[in-house]
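Undergrad: Next comes upload_16.tsv, TSV, C-alpha atoms:
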chain	number	residue	atom	x	y	z
A	1	MET	CA	90.05	91.69	121.17
A	2	ALA	CA	87.51	93.54	119.09
A	3	ALA	CA	88.40	93.91	115.41
A	4	MET	CA	90.13	97.14	114.45
A	5	LYS	CA	89.88	98.91	111.11
A	6	LEU	CA	91.63	102.06	109.94
A	7	HIS	CA	90.32	103.98	106.95
A	8	GLY	CA	92.95	106.15	105.30
A	9	HIS	CA	95.39	106.82	102.48
A	10	ALA	CA	98.95	105.48	102.46
A	11	LEU	CA	100.36	108.85	101.36
A	12	SER	CA	98.48	110.78	104.03
A	13	THR	CA	100.85	111.86	106.81
A	14	CYS	CA	98.03	111.53	109.35
A	15	THR	CA	97.24	108.00	108.18
A	16	GLN	CA	100.93	107.11	108.37
A	17	ARG	CA	101.11	108.41	111.94
A	18	ALA	CA	98.20	106.20	113.01
A	19	LEU	CA	99.54	103.14	111.21
A	20	ALA	CA	102.95	103.56	112.84
A	21	CYS	CA	101.28	103.39	116.24
A	22	PHE	CA	99.42	100.17	115.41
A	23	TYR	CA	102.64	98.58	114.14
A	24	GLU	CA	104.65	99.73	117.16
A	25	LYS	CA	102.02	98.19	119.43
A	26	GLU	CA	102.11	94.98	117.35
A	27	LEU	CA	98.35	95.09	116.88
A	28	ASP	CA	96.35	93.57	114.06
A	29	VAL	CA	94.49	96.29	112.20
A	30	GLU	CA	92.67	96.11	108.91
A	31	PHE	CA	93.77	98.94	106.64
A	32	ALA	CA	90.97	100.13	104.36
A	33	PRO	CA	92.40	102.39	101.61
A	34	VAL	CA	90.38	105.52	100.84
A	35	ASP	CA	90.79	107.10	97.40
A	36	LEU	CA	91.04	110.81	98.18
A	37	SER	CA	91.29	111.72	94.49
A	38	THR	CA	87.72	110.58	93.89
A	39	GLY	CA	86.32	111.96	97.15
A	40	GLU	CA	85.73	108.60	98.84
A	41	GLN	CA	86.34	110.30	102.20
A	42	LYS	CA	83.06	112.17	101.67
A	43	LYS	CA	81.11	108.95	101.11
A	44	GLU	CA	80.12	105.85	103.09
A	45	PRO	CA	81.50	104.30	105.19
A	46	VAL	CA	83.93	107.10	106.06
A	47	ILE	CA	81.35	109.87	106.29
A	48	SER	CA	79.40	107.93	108.94
A	49	ILE	CA	82.52	107.69	111.10
A	50	ASN	CA	83.82	111.20	110.44
A	51	PRO	CA	81.05	113.62	109.44
A	52	PHE	CA	83.75	116.09	108.34
A	53	GLY	CA	84.91	113.66	105.65
A	54	LYS	CA	88.56	113.37	106.67
A	55	VAL	CA	90.99	110.49	107.12
A	56	PRO	CA	92.15	108.62	109.00
A	57	CYS	CA	89.17	107.36	110.89
A	58	PHE	CA	89.05	104.30	113.07
A	59	GLU	CA	86.67	101.54	114.08
A	60	HIS	CA	87.24	99.33	117.11
A	61	GLY	CA	84.29	97.07	117.68
A	62	ASP	CA	81.42	99.45	118.49
A	63	ILE	CA	83.78	102.42	118.86
A	64	LYS	CA	84.06	104.78	115.91
A	65	MET	CA	86.40	107.71	116.29
A	66	PHE	CA	87.96	110.46	114.27
A	67	GLY	CA	89.37	112.69	117.00
A	68	LYS	CA	89.81	116.45	116.71
A	69	ILE	CA	88.49	118.60	113.90
A	70	SER	CA	91.52	120.88	113.55
A	71	VAL	CA	93.60	120.49	110.38
A	72	LEU	CA	96.86	120.54	112.35
A	73	LEU	CA	95.74	118.67	115.44
A	74	ALA	CA	94.58	115.93	113.17
A	75	GLU	CA	92.57	112.81	113.84
A	76	SER	CA	95.68	110.66	113.97
A	77	ARG	CA	96.78	112.00	117.35
A	78	ALA	CA	93.48	111.07	118.97
A	79	ILE	CA	93.83	107.56	117.53
A	80	THR	CA	97.44	107.09	118.65
A	81	GLY	CA	96.64	108.32	122.13
A	82	TYR	CA	93.71	105.94	122.40
A	83	ILE	CA	95.70	102.93	121.19
A	84	ALA	CA	98.70	103.64	123.43
A	85	LYS	CA	96.47	103.88	126.52
A	86	GLU	CA	94.14	101.02	125.58
A	87	TYR	CA	97.02	98.57	125.06
A	88	PRO	CA	99.78	99.59	127.48
A	89	ASP	CA	101.28	96.09	127.66
A	90	LYS	CA	101.44	95.45	123.92
A	91	GLY	CA	104.54	96.23	121.88
A	92	ALA	CA	106.46	99.44	122.54
A	93	GLN	CA	105.42	101.42	125.63
A	94	LEU	CA	105.07	104.79	123.79
A	95	VAL	CA	103.91	106.85	126.79
A	96	TYR	CA	105.16	108.06	130.15
A	97	THR	CA	102.56	107.83	132.88
A	98	SER	CA	103.89	109.56	136.00
A	99	GLY	CA	106.28	112.03	137.55
A	100	LYS	CA	108.71	114.35	135.81
A	101	ASP	CA	108.84	112.10	132.74
A	102	LEU	CA	105.10	112.55	132.25
A	103	GLN	CA	105.40	116.33	132.45
A	104	THR	CA	108.17	116.37	129.85
A	105	TYR	CA	106.23	113.98	127.64
A	106	LEU	CA	103.10	116.15	127.71
A	107	ILE	CA	105.09	119.30	126.95
A	108	TRP	CA	106.77	117.76	123.93
A	109	LEU	CA	103.50	116.39	122.59
A	110	GLU	CA	102.31	119.99	122.47
A	111	ILE	CA	105.55	121.25	120.92
A	112	GLU	CA	105.20	118.80	118.04
A	113	ALA	CA	101.55	119.61	117.48
A	114	HIS	CA	101.79	123.39	117.76
A	115	HIS	CA	105.34	124.37	116.80
A	116	PHE	CA	106.87	121.68	114.59
A	117	VAL	CA	103.96	120.59	112.41
A	118	SER	CA	102.76	124.13	111.73
A	119	CYS	CA	105.87	124.82	109.65
A	120	ALA	CA	107.12	121.32	108.80
A	121	GLN	CA	103.84	120.13	107.29
A	122	PRO	CA	103.56	122.94	104.71
A	123	LEU	CA	107.27	122.58	103.93
A	124	VAL	CA	106.75	118.86	103.27
A	125	TRP	CA	103.83	119.80	101.01
A	126	GLU	CA	106.11	122.07	98.99
A	127	LEU	CA	109.19	119.83	98.87
A	128	PHE	CA	107.73	116.31	98.80
A	129	TYR	CA	104.11	116.27	97.73
A	130	LYS	CA	104.05	118.98	95.07
A	131	PRO	CA	106.77	117.27	92.95
A	132	LEU	CA	104.99	113.96	93.48
A	133	LEU	CA	101.75	115.45	92.17
A	134	GLY	CA	103.40	117.43	89.38
A	135	LEU	CA	102.53	120.79	90.94
A	136	PRO	CA	104.76	123.88	90.79
A	137	GLN	CA	106.69	124.71	93.94
A	138	ASP	CA	106.59	128.11	95.63
A	139	THR	CA	110.24	129.12	96.10
A	140	ALA	CA	109.43	132.07	98.35
A	141	ALA	CA	107.23	129.91	100.58
A	142	ILE	CA	109.95	127.26	100.80
A	143	GLU	CA	112.52	129.81	101.96
A	144	GLU	CA	110.16	131.22	104.57
A	145	LEU	CA	109.15	127.78	105.85
A	146	GLU	CA	112.74	126.55	106.00
A	147	ALA	CA	113.62	129.54	108.18
A	148	LYS	CA	110.78	128.67	110.54
A	149	VAL	CA	111.74	124.98	110.69
A	150	ASP	CA	115.35	126.05	111.34
A	151	LYS	CA	114.29	127.89	114.50
A	152	VAL	CA	112.29	124.92	115.76
A	153	LEU	CA	115.12	122.48	115.08
A	154	ASP	CA	117.55	124.68	117.00
A	155	VAL	CA	115.41	123.96	120.07
A	156	TYR	CA	115.32	120.26	119.17
A	157	GLU	CA	119.10	120.13	118.84
A	158	LYS	CA	119.55	121.45	122.35
A	159	ARG	CA	116.99	119.02	123.74
A	160	LEU	CA	118.46	116.00	121.93
A	161	ALA	CA	121.90	116.83	123.30
A	162	GLU	CA	120.38	116.04	126.70
A	163	SER	CA	118.36	112.90	125.95
A	164	LYS	CA	118.15	110.21	123.29
A	165	TYR	CA	114.54	111.00	122.40
A	166	LEU	CA	112.49	114.16	122.77
A	167	ALA	CA	110.52	113.15	125.87
A	168	GLY	CA	113.33	111.19	127.50
A	169	ASP	CA	115.45	108.11	126.97
A	170	SER	CA	112.62	106.01	125.52
A	171	PHE	CA	110.86	106.24	122.14
A	172	THR	CA	107.35	107.60	122.69
A	173	LEU	CA	104.38	108.99	120.80
A	174	VAL	CA	106.24	112.31	120.76
A	175	ASP	CA	108.85	110.86	118.41
A	176	LEU	CA	106.32	108.76	116.52
A	177	HIS	CA	104.17	111.80	115.74
A	178	HIS	CA	107.18	113.38	113.98
A	179	LEU	CA	107.80	110.40	111.72
A	180	PRO	CA	105.73	111.28	108.62
A	181	ASN	CA	107.17	114.76	108.22
A	182	ILE	CA	110.73	113.89	109.25
A	183	SER	CA	110.76	110.90	106.90
A	184	ALA	CA	109.46	112.97	104.00
A	185	LEU	CA	111.99	115.75	104.62
A	186	MET	CA	114.78	113.18	104.55
A	187	ARG	CA	113.82	112.39	100.95
A	188	THR	CA	113.95	116.01	99.81
A	189	PRO	CA	116.48	118.88	99.80
A	190	GLY	CA	114.96	119.69	103.21
A	191	LYS	CA	117.22	116.98	104.63
A	192	LYS	CA	119.88	119.68	104.91
A	193	LEU	CA	117.94	121.13	107.85
A	194	LEU	CA	118.36	117.86	109.73
A	195	ASP	CA	121.94	117.20	108.62
A	196	ALA	CA	123.04	120.61	109.88
A	197	ARG	CA	122.37	119.47	113.46
A	198	PRO	CA	124.21	116.31	114.60
A	199	HIS	CA	121.84	115.37	117.41
A	200	VAL	CA	118.73	115.98	115.31
A	201	SER	CA	120.27	114.03	112.43
A	202	LYS	CA	121.09	111.08	114.69
A	203	TRP	CA	117.57	111.12	116.16
A	204	ALA	CA	115.95	111.31	112.72
A	205	ALA	CA	118.00	108.35	111.48
A	206	ASP	CA	117.09	106.38	114.61
A	207	ILE	CA	113.32	106.87	114.52
A	208	THR	CA	113.00	106.36	110.75
A	209	SER	CA	114.89	103.06	110.95
A	210	ARG	CA	112.38	101.41	113.28
A	211	PRO	CA	110.74	98.24	111.85
A	212	ALA	CA	107.24	99.63	112.44
A	213	TRP	CA	108.00	102.64	110.26
A	214	ALA	CA	109.42	100.39	107.56
A	215	LYS	CA	106.01	98.71	107.39
A	216	VAL	CA	104.34	102.09	106.93
A	217	LEU	CA	106.73	103.01	104.13
A	218	ALA	CA	106.11	99.66	102.44
A	219	LEU	CA	102.44	100.62	102.10
A	220	GLN	CA	103.34	104.14	100.94
A	221	ASP	CA	105.76	102.88	98.29
A	222	LYS	CA	102.99	100.79	96.72
A	223	LYS	CA	101.10	103.97	95.78
Just give me the structure of the file as structure tokens.
TA:
Amino acid sequence: MAAMKLHGHALSTCTQRALACFYEKELDVEFAPVDLSTGEQKKEPVISINPFGKVPCFEHGDIKMFGKISVLLAESRAITGYIAKEYPDKGAQLVYTSGKDLQTYLIWLEIEAHHFVSCAQPLVWELFYKPLLGLPQDTAAIEELEAKVDKVLDVYEKRLAESKYLAGDSFTLVDLHHLPNISALMRTPGKKLLDARPHVSKWAADITSRPAWAKVLALQDKK
């Protein structure tokens, strides 16, 4: 197996998403920390892998990838998709590959990327990262974002009343992609949004208790 190296920052939600996939697949990956505060992402070796100077970015032998350019459809999803398909027999399965399960899986991948993260990510910025960085919070923005997340989680509650995980009865990339933002919300007053919905709350507790995610948090807590 060619050596794998992930450049990123332990507090970056996109980096955490990629790392969770490597750990779920039980793959050996070298984690190369990038100091975003000093602009290392704009310098070598990162800039040669991702000319847009963003993390995470990934090396696998001769393959260098950084995925999509969009801020929301971040590089991490391209990396997790690649790893899950490249190593289907390693660790957790993480994908559905045929039939009705595949259709549901693909739909919920899009829901996370286009509906959940668009409101959850900025809410996590306000509730989790701003206090961490000593920045003032925007109360009006928090109220507006919480209302948007509320509407999304209403849909999730209905779905999770029907199946254990969002794409079906198995943990997949759909659930994994939620982990950074769900985990951060659980450590803020935003946890009330999850607690208000029993099926969402149970799902959130389940996915954040996975051993692979514990390894990601162990890196994050060192920062």
Undergrad: Please, what distance in Å, to one decimal, runs between CA of Tyr87 (chain A) and CA of Lys25 (chain A)?
TA: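 Those two atoms sit 7.5 Å apart.
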Undergrad: Using all atoms listed in the file for the distances, tell me which of A:Leu194, A:Ala18, A:Ala92, A:Val29 is nearest to Pro211 (chain A).
TA: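 Among the listed residues, A:Ala92 lies closest to Pro211 (chain A).
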Undergrad: So, counting only C-alpha atoms, which residue among A:Leu185, A:Ala84, A:Leu217, A:Ala167 is closest to Tyr105 (chain A)?
TA: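 Smallest distance to Tyr105 (chain A) is found for A:Ala167.
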Undergrad: Tell me which of A:Val124, A:Ala212, A:Cys14, A:Val46 sits closest to Val34 (chain A), counting only C-alpha atoms.
TA: A:Val46
Undergrad: Find the spatial neighbours of Trp213 (chain A), counting all atoms listed in the file, within a cut-off of 6 Å - ignore same-chain residues fewer than 3 positions away - and output them as a PyMOL selection string.
TA: chain A and resi 20+210+216
Undergrad: Of the residues A:Thr104, A:Ser48, A:Ser98, A:Asn181, which is the one nearest to Val117 (chain A), using all atoms listed in the file?
TA: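 Going through A:Thr104, A:Ser48, A:Ser98, A:Asn181 one by one, the smallest distance to Val117 (chain A) is for A:Asn181.
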Undergrad: Would you mind telling me which residue in A:Asp101, A:Glu143, A:Glu126, A:Gln121 lies nearest to Asp169 (chain A) when using all atoms listed in the file?
TA: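 Of A:Asp101, A:Glu143, A:Glu126, A:Gln121, the one nearest Asp169 (chain A), counting all atoms listed in the file, is A:Asp101.
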Undergrad: List the spatial neighbours of Ala32 (chain A) as a list in words - criterion: any atom at most 10 Å away, only C-alpha atoms, same-chain residues fewer than 6 positions off excluded.
TA: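 Returned residues: Lys5, Leu6, His7, Gly8, His9, Ala10, Pro56, Cys57 and Phe58 of chain A.
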Undergrad: A:Met4, A:Val174, A:Leu11, A:Ala218: which is nearest Gly81 (chain A), counting all atoms listed in the file?
TA: A:Val174
Undergrad: Using CA of Gln41 (chain A) and CA of Glu110 (chain A) as the two end points, give the distance in Å to one decimal.
TA: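 Here the two named atoms are 27.6 Å from each other.
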Undergrad: Suppose you want the space between CA of Lys151 (chain A) and CA of His199 (chain A); what is it in Å?
TA: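 It comes out at 14.9 Å.
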Undergrad: As a PyMOL selection string, please: the residues near Ser12 (chain A) (cut-off 10 Å, all atoms listed in the file, same-chain neighbours under 4 positions excluded).
TA: chain A and resi 8+16-17+36+55-56+180+220
Undergrad: Please check which residues have atoms at most 8 Å from (113.7, 114.3, 115.7) in the file's coordinates, counting only C-alpha atoms, and write them as a list in words.
TA: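 Checked against the point, the hits come out as Tyr156, Tyr165, Leu166, Asp175, His178, Ile182, Val200, Ser201, Trp203, Ala204 and Ile207 of chain A.
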